[in-house]
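Peer 1: Got a structure for you, written out below as structure tokens; questions coming shortly.
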Amino acid sequence: MKKVLVIIFIAIVVVALGLVGYYYFFDYTVSPTTGEKESFREFLPFGSNTAGSSATTTADNGEEANGGTSTPSGIPAGPLPQLQQITMSPVAGETMVDAVNASTTVVRYVDRATGNLYDFNVQTGVISRDTNTTMPKIREAVWDPSGAALIMRFLEGDTDFIQSYYAQFDPNSAEADGNRSLTGSYLPASIDSITPLGGGKIFSLMTSTSGSSGYVSSMNGAGRTLVFQSPVREWIPQGIDQNTVALTTKASSYTNGFLYLFNIKTAKQSKIIGNVQGLTTLMSHDGKYVLFGENDNGYKLRMLNVATKAVTALPVNSIPEKCAWSDDDAVVFCAASKSPLNADFLDLWYQGMVSTSDDLWEINPIDGTSIVIADMSGKNIDGVDLVPSSDRTSVAFMNRNDLSLWIYRLNSQ
């Protein structure tokens, strides 16, 4: 009997050590920025179920408390640098908001850990907190163009159950320090993706075993109407205008992809691009151009003129997920690698297995000219979620390596 107990004890110890080893060596990767171990789920659209690093410490007046300045420690006093790190802690998304007098632009962003909204004044470098409503573990923010409302997306508890919460500033909640509360309502559960359409409308996609369904509604979920059904489950939507959605099949490095335009009023689809290996896309706001990536013995970036079908090869080592059109569609801004991207890049990047060290590029869609506007050598920035200002004088973006927020000012201060 004693021998049996000893054997059982040894077996339990071996299993326990095995589990510890698995979670230590296999279930985590090492952040290239911090050197700390992170779950692979941190790199997926909704990240892990942990809050990550804490929000930036703030003083009572809402500004960051780091020696009296409102920028991350290490930023020198005096003229603001062209390339500036706004936060040290992870954010869930950002937008650019012009002040009423048009002389001030702010980067409004969501703290990933708390769900609090902050404003970074591009002209002064001052950070102020907008809201005092806590909504922890936010993973994605879908913004109304005005910046006064957004949809916060997060995982419920320790599950993969996606929740979407529409939030807007409560006009009756202003406090002495300027903070406001958020008020809103939940959208239907388990929405896979959401894209703004303009005019306060959104297009949302939900999937089931039979395929996918697309709905149009107000941002708060009101007036929800089924407008799209497909046996294909893997779509990435991009709102073009109130009546048009670009639908791209989800990409994999060695799978042929398709891009369609879906007309909400007529329920008709028109094919724009087809049978392109590893296809990812980003259409201009006016629908005249498509920036797209394809796997052609390595990842290449192209520009399609929708009307003429002319395709221009671009000397930019990037993918559309790392780019953004300016509001007037005059240029595209891209965070682009210094090195070419190999054929396996897309899948590995999606999985968080590789990252890039980027510069910031500007592309002219008409003639295909491309120039480097910011050399970000030594910063270890894998740029995503680019947001240009309306006047194209600054670009905000996130560093995918640690989800910190940055800005580049195209004109020296």
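Lettering and numbering for the structure tokens are positional, with chains as A, B, ... in the shown order, residues counted from 1 in each chain, and ligands counted from 1 in the shown order.
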Considering only C-alpha atoms, give me a table of residues in stretch 259-364 of chain A that are at most 12 Å from stretch 184-201 of chain A, with the closest atom pair and distance in Å for each, as JSON lines.
Peer 2:
{"residue": "A:Asn263", "atom": "CA", "partner": "A:Leu197", "partner_atom": "CA", "distance": 11.9}
{"residue": "A:Ile264", "atom": "CA", "partner": "A:Leu197", "partner_atom": "CA", "distance": 10.7}
{"residue": "A:His285", "atom": "CA", "partner": "A:Leu197", "partner_atom": "CA", "distance": 10.4}
Peer 1: I want to know what sits within 6 Å of stretch 290-305 of chain A, based on only C-alpha atoms, with residues of the same chain fewer than 3 positions away left out; could you give that as a ChimeraX atom specification?
Peer 2: /A:277-283,308-314,319,341-343
Peer 1: Suppose we keep N, CA and C atoms; can you now write the selection as a tab-separated table (two decimals), in the first residue's frame?
Peer 2:
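New file out-v8.tsv:
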chain	number	residue	atom	x	y	z
A	277	GLN	N	-3.21	35.64	-54.14
A	277	GLN	CA	-2.71	34.87	-53.01
A	277	GLN	C	-2.33	35.79	-51.85
A	278	GLY	N	-2.86	35.47	-50.65
A	278	GLY	CA	-2.55	36.25	-49.46
A	278	GLY	C	-3.12	37.66	-49.49
A	279	LEU	N	-4.27	37.83	-50.13
A	279	LEU	CA	-4.83	39.18	-50.34
A	279	LEU	C	-5.29	39.84	-49.05
A	280	THR	N	-4.81	41.05	-48.81
A	280	THR	CA	-5.37	41.94	-47.80
A	280	THR	C	-5.56	43.30	-48.47
A	281	THR	N	-6.55	44.09	-48.02
A	281	THR	CA	-6.91	45.30	-48.75
A	281	THR	C	-7.21	46.48	-47.83
A	282	LEU	N	-7.13	47.67	-48.42
A	282	LEU	CA	-7.57	48.90	-47.76
A	282	LEU	C	-8.03	49.85	-48.86
A	283	MET	N	-9.35	50.07	-48.94
A	283	MET	CA	-9.93	50.90	-50.00
A	283	MET	C	-9.98	52.35	-49.56
A	308	THR	N	-9.80	52.15	-63.91
A	308	THR	CA	-8.99	51.73	-65.06
A	308	THR	C	-8.44	50.32	-64.92
A	309	LYS	N	-8.51	49.75	-63.71
A	309	LYS	CA	-7.96	48.43	-63.40
A	309	LYS	C	-6.43	48.41	-63.43
A	310	ALA	N	-5.81	49.57	-63.53
A	310	ALA	CA	-4.35	49.65	-63.55
A	310	ALA	C	-3.79	49.35	-62.16
A	311	VAL	N	-2.73	48.55	-62.12
A	311	VAL	CA	-2.09	48.19	-60.86
A	311	VAL	C	-0.67	48.74	-60.85
A	312	THR	N	-0.33	49.42	-59.76
A	312	THR	CA	1.01	49.99	-59.60
A	312	THR	C	1.73	49.28	-58.46
A	313	ALA	N	2.94	48.78	-58.77
A	313	ALA	CA	3.76	48.17	-57.71
A	313	ALA	C	4.39	49.27	-56.87
A	314	LEU	N	4.42	49.07	-55.56
A	314	LEU	CA	4.95	50.07	-54.64
A	314	LEU	C	6.21	49.54	-53.95
A	319	ILE	N	1.96	45.96	-45.33
A	319	ILE	CA	0.68	45.35	-45.65
A	319	ILE	C	-0.40	46.38	-45.32
A	341	LEU	N	9.53	41.56	-46.90
A	341	LEU	CA	8.68	40.63	-46.15
A	341	LEU	C	8.61	39.31	-46.92
A	342	ASN	N	8.96	38.21	-46.27
A	342	ASN	CA	8.99	36.93	-46.96
A	342	ASN	C	7.59	36.35	-47.14
A	343	ALA	N	7.53	35.22	-47.83
A	343	ALA	CA	6.23	34.63	-48.21
A	343	ALA	C	5.41	34.19	-47.01
Peer 1: Tell me which of A:Pro315, A:Pro388, A:Pro136, A:Ala396 sits closest to A:Ile363, counting only C-alpha atoms.
Peer 2: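 The closest residue to A:Ile363 is A:Pro315.
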Peer 1: How many Å lie between atom CA of A:Tyr408 and atom CA of A:Leu83, rounded to one decimal?
Peer 2: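 Interatomic distance here is 4.4 Å.
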Peer 1: Please run DSSP on the backbone and report, as a list in words, all residues within stretch 141-362 of chain A that come out as alpha helix (DSSP H).
Peer 2: Phe345, Leu346, Asp347, Leu348, Trp349 and Tyr350 of chain A
Peer 1: Could you state the separation of atom CA of A:Trp235 and atom CA of A:Arg108 in Å, given to one decimal place?
Peer 2: 28.5 Å
